[in-house]
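Quick notes on the structure that follows.
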Amino acid sequence: MSLTKKTVLSRRGFLRALGLGGLSVLAPAAVQARAKGSEHELATLLDLSRCVGCGACVAACRQGNAPKFPEPVKPFPAMVPARSKPEDWSEKREVDDRLTPYNWLFIQTAEVDWKGERVTVHIPRRCLHCVNPPCANLCPWGAAGKQDNGIVRINDQVCLGGAKCRDVCPWKIPQRQTGVGLYLKLLPRFGGNGVMYKCDRCHELVAQGEQPRCVTACPFGVQSIGPRPEMIERARALARDMDGYIYGLEENGGTNTFYVSPVPFDLLDAALAQAQAKGPGRPHLGTVADSMADESNLAWATLLAPLAGVAAGTLGLIAGSNKDKEDGHGE
Ligand code: SF4
Ligand code: SF4
Ligand code: SF4
């Protein structure tokens, strides 16, 4: 199939035409929200004063999203030059105390002295679904994108695993699995090195008007999800009630995840550092400037937008053609 002028003009239209329109295309959940009079992105609110760290949400995420997890081909092709080391979590799928391609949510625990007491705070960690996500804006291949309902997703059919999304994410959320994805067909020894994975906010459930698995699995009602302005209002009211603090409202220019804690987040972040509970796969809770307000990021995003759209469409076509061949429908 050749790329006509019409198909390359619009990334959104192109992806839709390819059936890859989950990214950047209006999702039914947003349609439902609009039908109810809301045109806003969906945001989650996490009341950390309720979280006991039981891990039910983590288990539900792992179980429900298991069909999306990678099944790599081994041995991995050697990279030339060996600049990009393989990242293989396929033999460590049980790891649930950090983010991996097989674990998109984990619980961080911080112990702090606050108001004369020793306080333990459990914090469910995953992608925050930024309002202006650098991972999506700066992916050179258009593999990461934001839906109209606010969900930020990585298209595993298009991602080449170059990890730009992780480099530019203030929390280094996406995690790479080598030996899977389109790079194996295109440039197995030279490009990419796998596929990046992260929380996709259970997009297929949200598209049907249902709630993400971690929200429904929690026995203590820690999480809720709804239109962004409503969740901001609720987060502020909750923070007022508990004389607490909010994280996610301003960070990185604003996210669609709001944590409300009875303890200041800088104390939680310091406690995580002291307990060596932050680092690769274990995000911090520090302050974050708006990364897309940075001039060089903004310039790159402007430059990349049309190119990434074409790249995503082209890679999507290649991925579709490869799948056809594997399914025995090719020429
Ligand atoms: S938290 Fe990171 S991975 Fe998630 S949307 Fe923001 S920039 Fe992207
Ligand atoms: S929204 Fe879905 S994918 Fe994301 S952490 Fe919760 S259960 Fe996992
Ligand atoms: S959010 Fe709920 S399910 Fe998850 S660890 Fe906390 S209390 Fe348990």
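In the structure tokens, the first chain shown is A, the next is B, and so on; residue numbers restart at 1 for each chain, and ligands run from 1 in the order shown.
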Check: If you count only C-alpha atoms, which residues fall within 9 Å of A:Asn297, apart from same-chain ones fewer than 4 positions away, as a list in words?
Finding: Pro134, Asn137, Leu138, Ser291, Met292, Ala293, Ala301 and Thr302 of chain A
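Here the strand (DSSP E or B) residues in stretch 151-248 of chain A, by DSSP on the backbone, are Val152, Arg153, Ile154, Gln175, Arg176, Gln177, Val195, Met196, Tyr197, Gln223, Ser224, Ile225, Gly226, Pro227, Tyr245, Ile246 and Tyr247 of chain A.
For A:Leu48, the list of residues within 7 Å, based on only C-alpha atoms and with local chain neighbours fewer than 4 positions off taken out, reads Val121, His122, Ile123, Val222, Tyr259, Val260 and Ser261 of chain A.
Using only C-alpha atoms, the nearest neighbour of A:Val215 within the list A:Val95, A:Cys61, A:Arg50, A:Ala78 is A:Cys61.
Checking A:Arg234, A:Arg213, A:Arg166, A:Arg176 one by one against ligand 3, counting only C-alpha atoms and all ligand atoms, you find the shortest gap at A:Arg213.
With only C-alpha atoms taken into account, the protein and nucleic acid residues at most 12 Å from A:Val180 (excluding it and anything under 6 positions from it in its own chain) are A:Phe69, A:Pro70, A:Glu71, A:Pro72, A:Val73, A:Lys74, A:Pro75, A:Phe76, A:Pro77, A:Pro86, A:Glu87, A:Asp88, A:Trp89, A:Ser90, A:Pro101, A:Asp156, A:Gln157, A:Val158, A:Cys159, A:Leu160, A:Gly161, A:Leu186, A:Pro188, A:Gly192, A:Asn193, A:Gly194, A:Val195, A:Met196, A:Tyr197.
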